[in-house]
Amino acid sequence: MSEEMNLGSNQEFREGDIVKGVAAQVDDKAVTVSIEGAPFDGIVPISELSSLHIEKASDVVSVGDALELMITKVEEENFVLSKRKVDALKAWDKLEAQFASGEIFEAEVKDVVKGGLVVDLGVRGFVPASLVEDYFVEDFENYKGKTLTFKITELDKEKGRLILSHRAVLEEQKASKKKQVIGNIQQGDILDGTVQRLVPFGAFVDIGGIDGLVHISQVSHEHVTDVSTVLSEGQPVKVKVLSVDPANERISLSIKDTLPGPWQNVEDQVSKGSTLKGTIKRLVSFGAFVEVFPGVEGLVHISQISHKHINTPHEVLKEGQEVEVKVLDVNANEKRLSLSIKDLQENPAKEEVIDYELPEETTGFSFSDVIGDQLKRFSEK
């Protein structure tokens, strides 16, 4: 940077000198500046007022404003001056220090252009659309005039290139918060969370700076095939921490473990000998599992399916079939429910019990009488 001139009546003004002046007249496309000790005024073209595009000079300068300017050209009875170049000289030193240290700073978004945002830091800073947020933004119009935090990601003074990122700041903040959160939670903790994203295999829930996964099997006590039928993005939920992996920053969560279980108080609803309606959920070689309440399944053993002998449940039943069952036994603690289908059906092979009675003797003699008569005849011979 050129040394500021100590102005005097015999001072020679040259290109590149830094001078101080006062805005004497502000037109749409230029500002007339009175320079102390100079033989004539100078002109600051609108293009040299700022590193950003401006429509009118009055948008950035008013009459009476004190300005620090660089002489870019000395013409007959006129100076051509630049405020933009002085601002840039001052700015680059600060920007280089901020870039080297990774400093995070605030700045106002001055304009929205194709492909990103523009920030005035003494030089024009550009924020590509991909570096504005850590999520996709479709329309940036409402960002104009906003104050955001930034980091410098690219700096080239020779080419006048300055690239900024708000996304980098957000990612750093999240990473720091994530480490803090993951270090404080323990397996078994019950936490408040917010559903962030739904995926085919479950849902990611924000538990205060870090997302944990609720696998689809941990969403509900009932069987869930589509997570979106049970949860929605932005929904507040309670979750239980199943496991924590600090090294990989992975947390497994459960929603269903915070909900009353379907077997809770089931013995108040079911008693031995009662009749229930249910749906066959699974057929296995040894029987059929029937859901009698949401999340409550009982086993109909193969021997309790039919009065007739069957080799496999598939011979007489199919999954999804509605059946009526009789409760043989219930054990809520072990989550076991024994059921029977055949006990509610008639046995077609059941034979009637017939009592046979011997007729009463009407001959008046017994077997011993016959034998006795025969022996008597034999002795008389």
# chains A, B, ... in the order shown; residues from 1 in each chain; ligands from 1
>>> select_by_dssp(residues="stretch 244-360 of chain A", states="helix (DSSP H, G or I)", output="list of chain:residue names")
A:Lys256, A:Asp257, A:Thr258, A:Val266, A:Glu267, A:Asp268, A:Gln269, A:Ile302, A:Ser303, A:Gln304, A:Pro313, A:His314, A:Glu315, A:Lys342, A:Asp343, A:Leu344
>>> residues_around(residues="stretch 178-189 of chain A", least_positions_apart="5", cutoff="12 Å", atoms="only C-alpha atoms", output="NGL selection string")
:A and (170-173 or 206-212 or 238-255 or 257-258)
>>> atom_distance(atom1="atom CA of A:Ser338", atom2="atom CA of A:Leu299")
5.3 Å
>>> closest_residue(among="A:Glu154, A:Glu297, A:Glu322, A:Glu48", to="A:Thr279", atoms="only C-alpha atoms")
A:Glu322
>>> atom_distance(atom1="atom CA of A:Ile163", atom2="atom CA of A:Asn142")
20.6 Å
>>> closest_residue(among="A:Lys83, A:Ser51, A:Ser58, A:Glu138", to="A:Phe126", atoms="only C-alpha atoms")
A:Ser51
>>> residues_around(residues="A:Val44", least_positions_apart="3", cutoff="8 Å", atoms="only C-alpha atoms", output="PyMOL selection string")
chain A and resi 30-33+48-49+80-83
>>> closest_residue(among="A:Val60, A:Arg124, A:Lys94, A:Val19", to="A:Thr72", atoms="only C-alpha atoms")
A:Val19
>>> closest_residue(among="A:Asn78, A:Ser274, A:Ser217, A:Gln196", to="A:Pro39", atoms="only C-alpha atoms")
A:Asn78
>>> residues_around(residues="A:Ala129", least_positions_apart="6", cutoff="12 Å", atoms="only C-alpha atoms", output="PyMOL selection string")
chain A and resi 112-118+135-141+143+163-167
